[in-house]
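S.K.: Got a structure here, written out as structure tokens. Questions coming.
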Amino acid sequence: MKILIFFLFVLISDSFEFNGLKKPDLHCFRLYANGRFCDRKNILKKISLVTFSSSWIAAKDLNSAFADSTGKFSSKATATRRYLPRIKNASEKFDLLKDEIEKENWGAIENFANEILPDAKPALELYGSAQKRGEYPDANSKKFVSLAKEFESNVVLMSKAAKANEKEKVREFYSKAEDSLKQYFLNGDI
């Protein structure tokens, strides 16, 4: 970049001479510069060229500011790479809860609700919101987000029922959460 700026500096100074040496005279808006007639039009063209070039260089360096983020501007490919492994991990651990419910191991349900769900919830919602077909959320991405919230609320209710030692309610909320997760996967062809 320094070389390009030097090149532009030399380009500006090519029409000015002082004692045989090329020397820039950017404040040459006078009619005479260094004993010679100064062409205002030429100077304005060169200043415009430098301004345009420096703007172009600055804009070129700003491309990194448009990198993929985790939120609103995530692409489907980035969302798949970032969130799908966490979603699949949570799904596998959720499937293991069915056996724990039959054994009445309420600690496993508490563990899922307190440790695994907090990591899976944002992944489910962000993956779902990235499935939109434009800049704004559409029906498909809204459905993903609502299914993720439904899954989360059913897991929280299942955890509360497990604390109260209500096996039938735990089964009911597990079944609802399982249906929400299945719909989530079917909706996204995961």
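By order in the structure tokens, chains are A, B, ...; within a chain, residues start at 1; ligands start at 1, following the order shown.
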Taking 3 positions as the minimum chain separation for residues in the same chain, which residues sit within 12 Å of Gly128 of chain A when counting only C-alpha atoms? Answer as a PyMOL selection string.

M.R.: chain A and resi 71-72+74-76+79-80+83-84+87+121-125+131-133+137-149+184-185+187-190

S.K.: What's the 12 Å shell around Trp106 of chain A, counting only C-alpha atoms, without same-chain residues fewer than 5 positions away, as a PDB file with C-alpha atoms, in the first residue's frame?

M.R.:
```pdb
ATOM      1  CA  LEU A  97     -33.214 -39.124  28.193  1.00  0.00           C
ATOM      2  CA  LYS A  98     -35.984 -41.562  27.213  1.00  0.00           C
ATOM      3  CA  ASP A  99     -34.220 -44.407  29.022  1.00  0.00           C
ATOM      4  CA  GLU A 100     -33.448 -42.143  31.985  1.00  0.00           C
ATOM      5  CA  ILE A 101     -37.140 -41.262  32.312  1.00  0.00           C
ATOM      6  CA  ASN A 111     -28.368 -32.048  33.837  1.00  0.00           C
ATOM      7  CA  PHE A 112     -29.795 -31.744  30.310  1.00  0.00           C
ATOM      8  CA  ALA A 113     -31.941 -28.747  31.226  1.00  0.00           C
ATOM      9  CA  MET A 158     -40.116 -31.514  31.856  1.00  0.00           C
ATOM     10  CA  SER A 159     -37.356 -30.507  34.283  1.00  0.00           C
ATOM     11  CA  LYS A 160     -39.895 -28.919  36.654  1.00  0.00           C
ATOM     12  CA  ALA A 161     -42.055 -32.049  36.508  1.00  0.00           C
ATOM     13  CA  ALA A 162     -38.967 -34.167  37.252  1.00  0.00           C
ATOM     14  CA  LYS A 163     -38.255 -32.054  40.343  1.00  0.00           C
ATOM     15  CA  ALA A 164     -41.823 -32.694  41.473  1.00  0.00           C
ATOM     16  CA  ASN A 165     -41.320 -36.442  40.760  1.00  0.00           C
ATOM     17  CA  GLU A 166     -44.285 -36.591  38.337  1.00  0.00           C
ATOM     18  CA  LYS A 167     -43.372 -39.317  35.890  1.00  0.00           C
ATOM     19  CA  VAL A 170     -42.267 -35.808  32.472  1.00  0.00           C
ATOM     20  CA  ARG A 171     -43.256 -38.299  29.750  1.00  0.00           C
TER      21      ARG A 171
END
```

S.K.: For Asp179 of chain A, which residue out of A:Thr78, A:Ile116, A:Arg86, A:Phe94 is the nearest one, using only C-alpha atoms?

M.R.: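 For Asp179 of chain A, the nearest of the candidates is A:Phe94.
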
S.K.: In Å to one decimal, how far is atom CA of Pro85 of chain A from atom CA of Tyr136 of chain A?

M.R.: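 Value for the atom CA of Tyr136 of chain A-atom CA of Pro85 of chain A distance: 25.1 Å.
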
S.K.: Looking at only C-alpha atoms, which of A:Leu157, A:Ala77, A:Leu181, A:Leu186 is the one that sits closest to Asp95 of chain A?

M.R.: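 So, comparing all the options, the nearest one is A:Leu181.
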
S.K.: Calculate how many Å separate atom CA of Leu126 of chain A from atom CA of Ala108 of chain A, rounding to one decimal.

M.R.: 25.9 Å

S.K.: For the atom pair atom CA of Gln183 of chain A and atom CA of Gly107 of chain A, what is the interatomic distance in Å to one decimal place?

M.R.: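 Here the two named atoms are 26.8 Å from each other.
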
S.K.: Out of A:Lys45, A:Thr51, A:Tyr174, A:Phe151, which residue has the shortest atom-to-atom distance to Leu96 of chain A when counting only C-alpha atoms?

M.R.: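 Among A:Lys45, A:Thr51, A:Tyr174, A:Phe151, it is A:Tyr174 that comes nearest to Leu96 of chain A.
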